[in-house]
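Peer 1: Have a look at the structure that comes next, please.
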Amino acid sequence: MAENTAELPARRVGRIKPCRLIRLEQHIDPRGSLSVIESGVTVDFPVRRVYYMHGQTQSSPPRGLHAHRTLEQLVIAVHGAFSITLDDGFQHATYRLDEPGAGLCIGPMVWRVLKDFDPDTVALVLASQHYEESDYYRDYDTFLHDARSLT
Ligand code: TYD
């Protein structure tokens, strides 16, 4: 069975590009499930980098605590579950990612905090750019100032 990529209802955050939860194309048969992500189809950015986070415990400090100037991402709980809070300087929304068939698209200028990881979670991230520290806001007040200055 093929399930087409579709946007799931959620509160929107992100003034440059609204973040959105999408259902991934999935092929489910007696052998199990296969999920598909394609540049230009699932996400409208080129996938230039893939990384994943794992080994978190329930007492681990939060991850993220940054925003990107231009980078876009698709974030997926390929195993387990975790929460992401998004903040565009005006609005917040928290998503619980808990299934491999859904992904959260996060646009530029959105502060994110990842926490409340279930044991053995693997958080997969597909990113539109190579790693570039100058694309990061790591200081919340600087981010807030710039995010609120966007016209
Ligand atoms: P960091 O950005 O702190 O992770 P997060 O904010 O998602 O919790 O990244 C942890 C370390 O890994 C940091 O030293 C930067 C490095 N890193 C890379 O070298 N390449 C990458 O693609 C990423 C995402 C991080």
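FYI, nothing fancy with the structure tokens labels: chains A, B, ... in order, residues from 1 per chain, ligands from 1 as they appear.
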Neighbours of ligand 1 within 12 Å, counting only C-alpha atoms and all ligand atoms, as an MDAnalysis selection string?
Peer 2: chainID A and resid 48:54 56 60:68 71 73 75 84 111:115 123:139
Peer 1: Hey, which bits of stretch 49-149 of chain A sit within 10 Å of stretch 19-24 of chain A, and for each residue what's the closest pair of atoms and how far apart in Å (one decimal), counting only C-alpha atoms, rows by chain and increasing number, as a tab-separated table?
Peer 2:
residue	atom	partner	partner_atom	distance
A:Glu72	CA	A:Cys19	CA	9.6
A:Gln73	CA	A:Cys19	CA	9.6
A:Leu74	CA	A:Leu21	CA	9.2
A:Val75	CA	A:Leu21	CA	9.4
A:Ile76	CA	A:Leu24	CA	9.8
A:Leu86	CA	A:Cys19	CA	8.5
A:Asp88	CA	A:Cys19	CA	9.8
A:Ala93	CA	A:Cys19	CA	9.7
A:Tyr95	CA	A:Leu21	CA	8.5
A:Leu97	CA	A:Leu21	CA	9.2
A:Glu99	CA	A:Arg23	CA	9.8
A:Pro100	CA	A:Leu24	CA	8.4
A:Gly101	CA	A:Leu24	CA	5.2
A:Ala102	CA	A:Arg23	CA	4.4
A:Gly103	CA	A:Ile22	CA	5.4
A:Leu104	CA	A:Leu21	CA	4.4
A:Cys105	CA	A:Arg20	CA	5.3
A:Ile106	CA	A:Cys19	CA	4.8
A:Gly107	CA	A:Cys19	CA	5.9
A:Pro108	CA	A:Cys19	CA	9.2
A:Val110	CA	A:Cys19	CA	8.6
Peer 1: DSSP on the backbone: which residues in stretch 17-149 of chain A end up as helix (DSSP H, G or I)? Give the answer as a PDB file with N, CA, C and O atoms, in the first residue's frame.
Peer 2:
ATOM      1  N   GLU A 133      28.849  26.419  10.704  1.00  0.00           N
ATOM      2  CA  GLU A 133      28.547  27.019  12.015  1.00  0.00           C
ATOM      3  C   GLU A 133      28.040  28.458  11.874  1.00  0.00           C
ATOM      4  O   GLU A 133      27.227  28.910  12.690  1.00  0.00           O
ATOM      5  N   SER A 134      28.468  29.165  10.829  1.00  0.00           N
ATOM      6  CA  SER A 134      28.033  30.563  10.681  1.00  0.00           C
ATOM      7  C   SER A 134      26.547  30.675  10.349  1.00  0.00           C
ATOM      8  O   SER A 134      25.979  31.770  10.407  1.00  0.00           O
ATOM      9  N   ASP A 135      25.903  29.557  10.005  1.00  0.00           N
ATOM     10  CA  ASP A 135      24.461  29.587   9.740  1.00  0.00           C
ATOM     11  C   ASP A 135      23.642  29.493  11.031  1.00  0.00           C
ATOM     12  O   ASP A 135      22.428  29.658  11.013  1.00  0.00           O
ATOM     13  N   TYR A 140      19.980  32.834  22.208  1.00  0.00           N
ATOM     14  CA  TYR A 140      18.549  33.060  22.018  1.00  0.00           C
ATOM     15  C   TYR A 140      18.206  34.544  21.873  1.00  0.00           C
ATOM     16  O   TYR A 140      17.365  34.915  21.045  1.00  0.00           O
ATOM     17  N   ASP A 141      18.850  35.377  22.652  1.00  0.00           N
ATOM     18  CA  ASP A 141      18.511  36.807  22.587  1.00  0.00           C
ATOM     19  C   ASP A 141      18.867  37.407  21.230  1.00  0.00           C
ATOM     20  O   ASP A 141      18.136  38.252  20.705  1.00  0.00           O
ATOM     21  N   THR A 142      19.991  36.964  20.655  1.00  0.00           N
ATOM     22  CA  THR A 142      20.371  37.440  19.318  1.00  0.00           C
ATOM     23  C   THR A 142      19.360  36.960  18.283  1.00  0.00           C
ATOM     24  O   THR A 142      18.908  37.720  17.409  1.00  0.00           O
ATOM     25  N   PHE A 143      18.981  35.675  18.431  1.00  0.00           N
ATOM     26  CA  PHE A 143      17.953  35.133  17.529  1.00  0.00           C
ATOM     27  C   PHE A 143      16.665  35.938  17.647  1.00  0.00           C
ATOM     28  O   PHE A 143      16.058  36.339  16.645  1.00  0.00           O
ATOM     29  N   LEU A 144      16.233  36.168  18.882  1.00  0.00           N
ATOM     30  CA  LEU A 144      14.956  36.845  19.112  1.00  0.00           C
ATOM     31  C   LEU A 144      14.976  38.243  18.499  1.00  0.00           C
ATOM     32  O   LEU A 144      14.013  38.670  17.842  1.00  0.00           O
ATOM     33  N   HIS A 145      16.075  38.934  18.680  1.00  0.00           N
ATOM     34  CA  HIS A 145      16.191  40.278  18.120  1.00  0.00           C
ATOM     35  C   HIS A 145      16.033  40.232  16.598  1.00  0.00           C
ATOM     36  O   HIS A 145      15.267  40.995  16.010  1.00  0.00           O
ATOM     37  N   ASP A 146      16.771  39.311  15.963  1.00  0.00           N
ATOM     38  CA  ASP A 146      16.738  39.247  14.497  1.00  0.00           C
ATOM     39  C   ASP A 146      15.391  38.719  13.990  1.00  0.00           C
ATOM     40  O   ASP A 146      14.874  39.194  12.976  1.00  0.00           O
ATOM     41  N   ALA A 147      14.851  37.722  14.691  1.00  0.00           N
ATOM     42  CA  ALA A 147      13.568  37.145  14.247  1.00  0.00           C
ATOM     43  C   ALA A 147      12.459  38.175  14.330  1.00  0.00           C
ATOM     44  O   ALA A 147      11.585  38.239  13.454  1.00  0.00           O
ATOM     45  N   ARG A 148      12.498  38.993  15.345  1.00  0.00           N
ATOM     46  CA  ARG A 148      11.432  39.998  15.508  1.00  0.00           C
ATOM     47  C   ARG A 148      11.644  41.191  14.597  1.00  0.00           C
ATOM     48  O   ARG A 148      10.742  42.012  14.431  1.00  0.00           O
ATOM     49  N   SER A 149      12.844  41.296  14.003  1.00  0.00           N
ATOM     50  CA  SER A 149      13.118  42.399  13.083  1.00  0.00           C
ATOM     51  C   SER A 149      12.742  42.045  11.647  1.00  0.00           C
ATOM     52  O   SER A 149      12.816  42.905  10.767  1.00  0.00           O
TER      53      SER A 149
END
Peer 1: Name all residues at most 9 Å from A:Thr57 (count only C-alpha atoms; drop same-chain ones fewer than 5 positions away) and give them as a list in words.
Peer 2: Asp116, Phe117, Asp118, Pro119, Asp120 and Thr121 of chain A
Peer 1: One number please: atom CA of A:Arg69 to atom CA of A:Glu25, in Å, one decimal.
Peer 2: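 It comes out at 28.8 Å.
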Peer 1: So which one's closest to A:His79, A:Asp98, A:Pro46, A:Ser39, A:Gly55? Using only C-alpha atoms, please.
Peer 2: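 For A:His79, the nearest of the candidates is A:Asp98.
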Peer 1: Kindly indicate which residue among A:Met109, A:Val47, A:Val78, A:Arg31 lies nearest to A:Pro18, using only C-alpha atoms for the distances.
Peer 2: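 The answer is A:Met109, which sits nearest to A:Pro18.
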Peer 1: For a quick check of understanding, using only C-alpha atoms, which of A:Ala77, A:Glu7, A:Asp29, A:Asp87 has the smallest distance to A:Val43?
Peer 2: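 Of the candidates, the smallest distance to A:Val43 is held by A:Glu7.
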Peer 1: Work out how far atom CA of A:Phe82 is from atom CA of A:His27, in Å to one decimal.
Peer 2: 23.8 Å
Peer 1: Between atom CA of A:Ser83 and atom CA of A:Leu34, what is the spacing in Å?
Peer 2: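 According to the coordinates, atom CA of A:Leu34 and atom CA of A:Ser83 are separated by 23.3 Å.
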